[in-house]
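Below: one structure, written as structure tokens.
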Amino acid sequence: MDKIFVRVYTLFILFFVGIGVFMIIKSRPGDKTDAVAKNPINFTEPIIENPMILIPAGEFIMGANDGGIDEQPQRVVYLDAFAIHQYEVTIYQYNEFVVATGHRQPLNRYVKDIHFFNNANQPAIYVSWLDAYDYCQWAGLRLPTEAEWEKAARGTEGLSWPWVEKYQPTFANFKGEEDHGVFTTAVGSYEKDKSPYGVYDMAGNVKEWVQDWYDDRYYANAPLKNPQGPERGEMKVMRGSSWRDSLYSGRATGRLQMVPGYRYEAVGFRCAKSAG
Ligand SMILES: [Ca+2]
């Protein structure tokens, strides 16, 4: 009687351990096949192309003496010519990369409110710094440096915002419903969120990874020509605000730091390349 009980009990335990192992395997984050199969992206709509915008060589004003400590001191920095995506990298673009390489899908069925985020023309989100780095490499591009991103956002006149007027909550996709962007919006939806070079969504929509390691004192000793960021660090820099952040954090000079593995619903990226 005891033996039978032990056998039944053992089978019982093994059964539930088996189910547990199955569930763990099935729910591994970054599973390559899961999201593609279960969340097909709607590609029936017209796809927004994402051309590279040329930013001419020359000086620009980087940083802000009236900004955060890490934005000071304000300096005149020279950059070689480069090109940068006109828009944040879209889900359509990122999906092409995933299909071509087998790279992990950023969105999966466990993402809350996924149906508000998975339009082909919305920015790719839930991408880590390394995902963004890999995408740009695959596309024959690279992440913009912090300096390049800031110049592309504010031009040579030292603007705090892509627009010249006093900042307005409706000019870009920031937090709140006032701007009609409750989640991410299709790239380029806000005509006011357009820099002097014609680069869109540098204030809002999603925050964007850039190349540099973060150092809050970097500007004090950084090169005045083509700064590349500190040689090493623990945090990577993100720039701009997002659909779920305040308009104030969307200032062109604002700097944010995050661990490179961070993936979130309000963080994306765009790529750049050196010109000439
Ligand atoms: Ca943005």
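Following the order of the structure tokens, chains are lettered A, B, ..., residues in each are numbered from 1, and ligands are numbered from 1.
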task = Fewer than 2 positions away in the same chain doesn't count, so skip those; otherwise give me all residues within 10 Å of Ile47 (chain A), counting only C-alpha atoms, as an MDAnalysis selection string.
result = chainID A and resid 43:45 49:50 90 92:93 119:121
key: Exercise answer, 7 Å around ligand 1 with only C-alpha atoms and all ligand atoms, as a list in words   =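 Residues satisfying the distance criterion: Glu88, Asp201, Met202, Ala203, Gly204, Asn205, Val206, Lys207, Glu208, Gly240, Ser241 and Ser242 of chain A.
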For the residues in the current selection, export C-alpha atoms as a compact mmCIF listing (two decimals), in the first residue's frame.
# COMPACT_ATOMS: atom_id res chain seq x y z
CA GLU A 88 12.61 56.89 -35.23
CA ASP A 201 10.11 63.43 -33.23
CA MET A 202 13.28 64.62 -31.52
CA ALA A 203 11.15 66.06 -28.70
CA GLY A 204 8.48 63.40 -28.25
CA ASN A 205 7.03 60.00 -29.19
CA VAL A 206 9.79 57.73 -27.81
CA LYS A 207 13.05 58.35 -26.01
CA GLU A 208 16.04 57.35 -28.10
CA GLY A 240 14.30 63.23 -25.87
CA SER A 241 10.94 62.74 -24.18
CA SER A 242 8.17 60.28 -24.97
query = Using only C-alpha atoms, which residues sit within 8 Å of Glu191 (chain A) once same-chain residues fewer than 3 positions away are excluded, as a list in words?
reply =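 Listed by chain and then number, they are Phe171, Gly188, Lys194 and Tyr200 of chain A.
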Write out the residues from the selection above, keeping C-alpha atoms, as a PDB file, in the first residue's frame.
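Dumped everything to again30.pdb:
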ATOM      1  CA  PHE A 171       3.543  70.255 -30.493  1.00  0.00           C
ATOM      2  CA  GLY A 188       6.271  62.067 -38.245  1.00  0.00           C
ATOM      3  CA  LYS A 194      10.495  68.832 -36.720  1.00  0.00           C
ATOM      4  CA  TYR A 200      11.050  64.509 -36.752  1.00  0.00           C
TER       5      TYR A 200
END
What are the nearest atom pairs, with distances in Å to one decimal, for all residues of region 100-182 of chain A that come at most 8 Å from region 225-234 of chain A, using only C-alpha atoms, set out by chain and rising residue number as JSON lines?
{"residue": "A:Thr145", "atom": "CA", "partner": "A:Gln228", "partner_atom": "CA", "distance": 6.1}
{"residue": "A:Glu146", "atom": "CA", "partner": "A:Gly229", "partner_atom": "CA", "distance": 7.4}
{"residue": "A:Ala147", "atom": "CA", "partner": "A:Pro227", "partner_atom": "CA", "distance": 6.7}
Of the listed residues A:Gln105, A:Gln168, A:Gln137, A:Thr185, that which approaches Tyr248 (chain A) most closely, counting only C-alpha atoms =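 Of all the options, A:Gln168 lies closest to Tyr248 (chain A).
When CA of Tyr133 (chain A) is paired with CA of Trp209 (chain A), their separation reads 9.0 Å.
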key: Nearest candidate to Ser128 (chain A) (options A:Pro162, A:Pro73, A:Pro106, A:Gly140; using only C-alpha atoms)   =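 When distances to Ser128 (chain A) are compared using only C-alpha atoms, the smallest one comes from A:Pro106.
Note that CA of Val259 (chain A) and CA of Tyr214 (chain A) are 9.8 Å apart.
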9 Å contact set for region 249-254 of chain A, only C-alpha atoms, chain neighbours under 6 positions out, as a PyMOL selection string = chain A and resi 62-64+67-68+70-71+149-151+153-154+158-162+174+202-204+207+238-242
Resulting file, chosen residues, C-alpha atoms, as a PDB file, in the first residue's frame:
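Here's the written file out-v9.pdb:
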ATOM      1  CA  MET A  62      25.891  71.887 -27.283  1.00  0.00           C
ATOM      2  CA  GLY A  63      24.555  71.830 -23.732  1.00  0.00           C
ATOM      3  CA  ALA A  64      22.783  74.539 -21.755  1.00  0.00           C
ATOM      4  CA  GLY A  67      19.884  73.285 -17.814  1.00  0.00           C
ATOM      5  CA  GLY A  68      20.742  70.370 -15.562  1.00  0.00           C
ATOM      6  CA  ASP A  70      25.016  67.348 -16.673  1.00  0.00           C
ATOM      7  CA  GLU A  71      24.138  69.781 -19.512  1.00  0.00           C
ATOM      8  CA  TRP A 149      21.713  63.658 -31.940  1.00  0.00           C
ATOM      9  CA  GLU A 150      21.669  67.061 -30.234  1.00  0.00           C
ATOM     10  CA  LYS A 151      22.793  68.916 -33.337  1.00  0.00           C
ATOM     11  CA  ALA A 153      17.545  68.141 -32.899  1.00  0.00           C
ATOM     12  CA  ARG A 154      18.365  71.811 -32.276  1.00  0.00           C
ATOM     13  CA  GLY A 158      20.930  76.636 -29.814  1.00  0.00           C
ATOM     14  CA  LEU A 159      17.205  75.879 -29.735  1.00  0.00           C
ATOM     15  CA  SER A 160      15.817  74.184 -26.659  1.00  0.00           C
ATOM     16  CA  TRP A 161      13.053  72.658 -28.742  1.00  0.00           C
ATOM     17  CA  PRO A 162      12.720  71.725 -32.411  1.00  0.00           C
ATOM     18  CA  PHE A 174       4.203  63.914 -24.823  1.00  0.00           C
ATOM     19  CA  MET A 202      13.276  64.621 -31.517  1.00  0.00           C
ATOM     20  CA  ALA A 203      11.151  66.058 -28.697  1.00  0.00           C
ATOM     21  CA  GLY A 204       8.485  63.399 -28.246  1.00  0.00           C
ATOM     22  CA  LYS A 207      13.053  58.348 -26.014  1.00  0.00           C
ATOM     23  CA  MET A 238      18.940  58.292 -23.971  1.00  0.00           C
ATOM     24  CA  ARG A 239      17.654  61.530 -25.508  1.00  0.00           C
ATOM     25  CA  GLY A 240      14.297  63.235 -25.867  1.00  0.00           C
ATOM     26  CA  SER A 241      10.944  62.742 -24.179  1.00  0.00           C
ATOM     27  CA  SER A 242       8.169  60.285 -24.969  1.00  0.00           C
TER      28      SER A 242
END
inquiry  = Can you pull out every residue from region 135-218 of chain A that DSSP, working from the backbone, puts in strand (DSSP E or B), and format the result as a list of chain:residue names?
reply    = A:Arg142, A:Lys194, A:Tyr200, A:Lys207, A:Glu208, A:Trp209, A:Val210, A:Gln211, A:Asp212, A:Trp213
Writer output for current selection, N, CA and C atoms, as a JSON list (two decimals), in the first residue's frame:
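Heads up, here's the output in out-v3.json:
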[["chain", "number", "residue", "atom", "x", "y", "z"],
["A", 142, "ARG", "N", 25.02, 53.16, -37.84],
["A", 142, "ARG", "CA", 25.47, 53.10, -36.45],
["A", 142, "ARG", "C", 24.57, 54.00, -35.62],
["A", 194, "LYS", "N", 9.64, 68.97, -35.53],
["A", 194, "LYS", "CA", 10.49, 68.83, -36.72],
["A", 194, "LYS", "C", 11.66, 69.81, -36.55],
["A", 200, "TYR", "N", 12.30, 64.52, -37.54],
["A", 200, "TYR", "CA", 11.05, 64.51, -36.75],
["A", 200, "TYR", "C", 11.17, 63.76, -35.43],
["A", 207, "LYS", "N", 11.67, 58.01, -26.33],
["A", 207, "LYS", "CA", 13.05, 58.35, -26.01],
["A", 207, "LYS", "C", 13.96, 57.53, -26.92],
["A", 208, "GLU", "N", 15.18, 58.01, -27.11],
["A", 208, "GLU", "CA", 16.04, 57.35, -28.10],
["A", 208, "GLU", "C", 17.43, 57.07, -27.54],
["A", 209, "TRP", "N", 17.84, 55.82, -27.71],
["A", 209, "TRP", "CA", 19.21, 55.45, -27.36],
["A", 209, "TRP", "C", 20.19, 56.16, -28.28],
["A", 210, "VAL", "N", 21.31, 56.60, -27.73],
["A", 210, "VAL", "CA", 22.42, 57.07, -28.56],
["A", 210, "VAL", "C", 23.68, 56.27, -28.20],
["A", 211, "GLN", "N", 24.75, 56.52, -28.94],
["A", 211, "GLN", "CA", 25.96, 55.71, -28.81],
["A", 211, "GLN", "C", 26.64, 55.81, -27.44],
["A", 212, "ASP", "N", 26.67, 57.02, -26.86],
["A", 212, "ASP", "CA", 27.60, 57.32, -25.77],
["A", 212, "ASP", "C", 27.28, 56.65, -24.43],
["A", 213, "TRP", "N", 28.35, 56.34, -23.69],
["A", 213, "TRP", "CA", 28.21, 56.06, -22.26],
["A", 213, "TRP", "C", 27.86, 57.36, -21.56]]
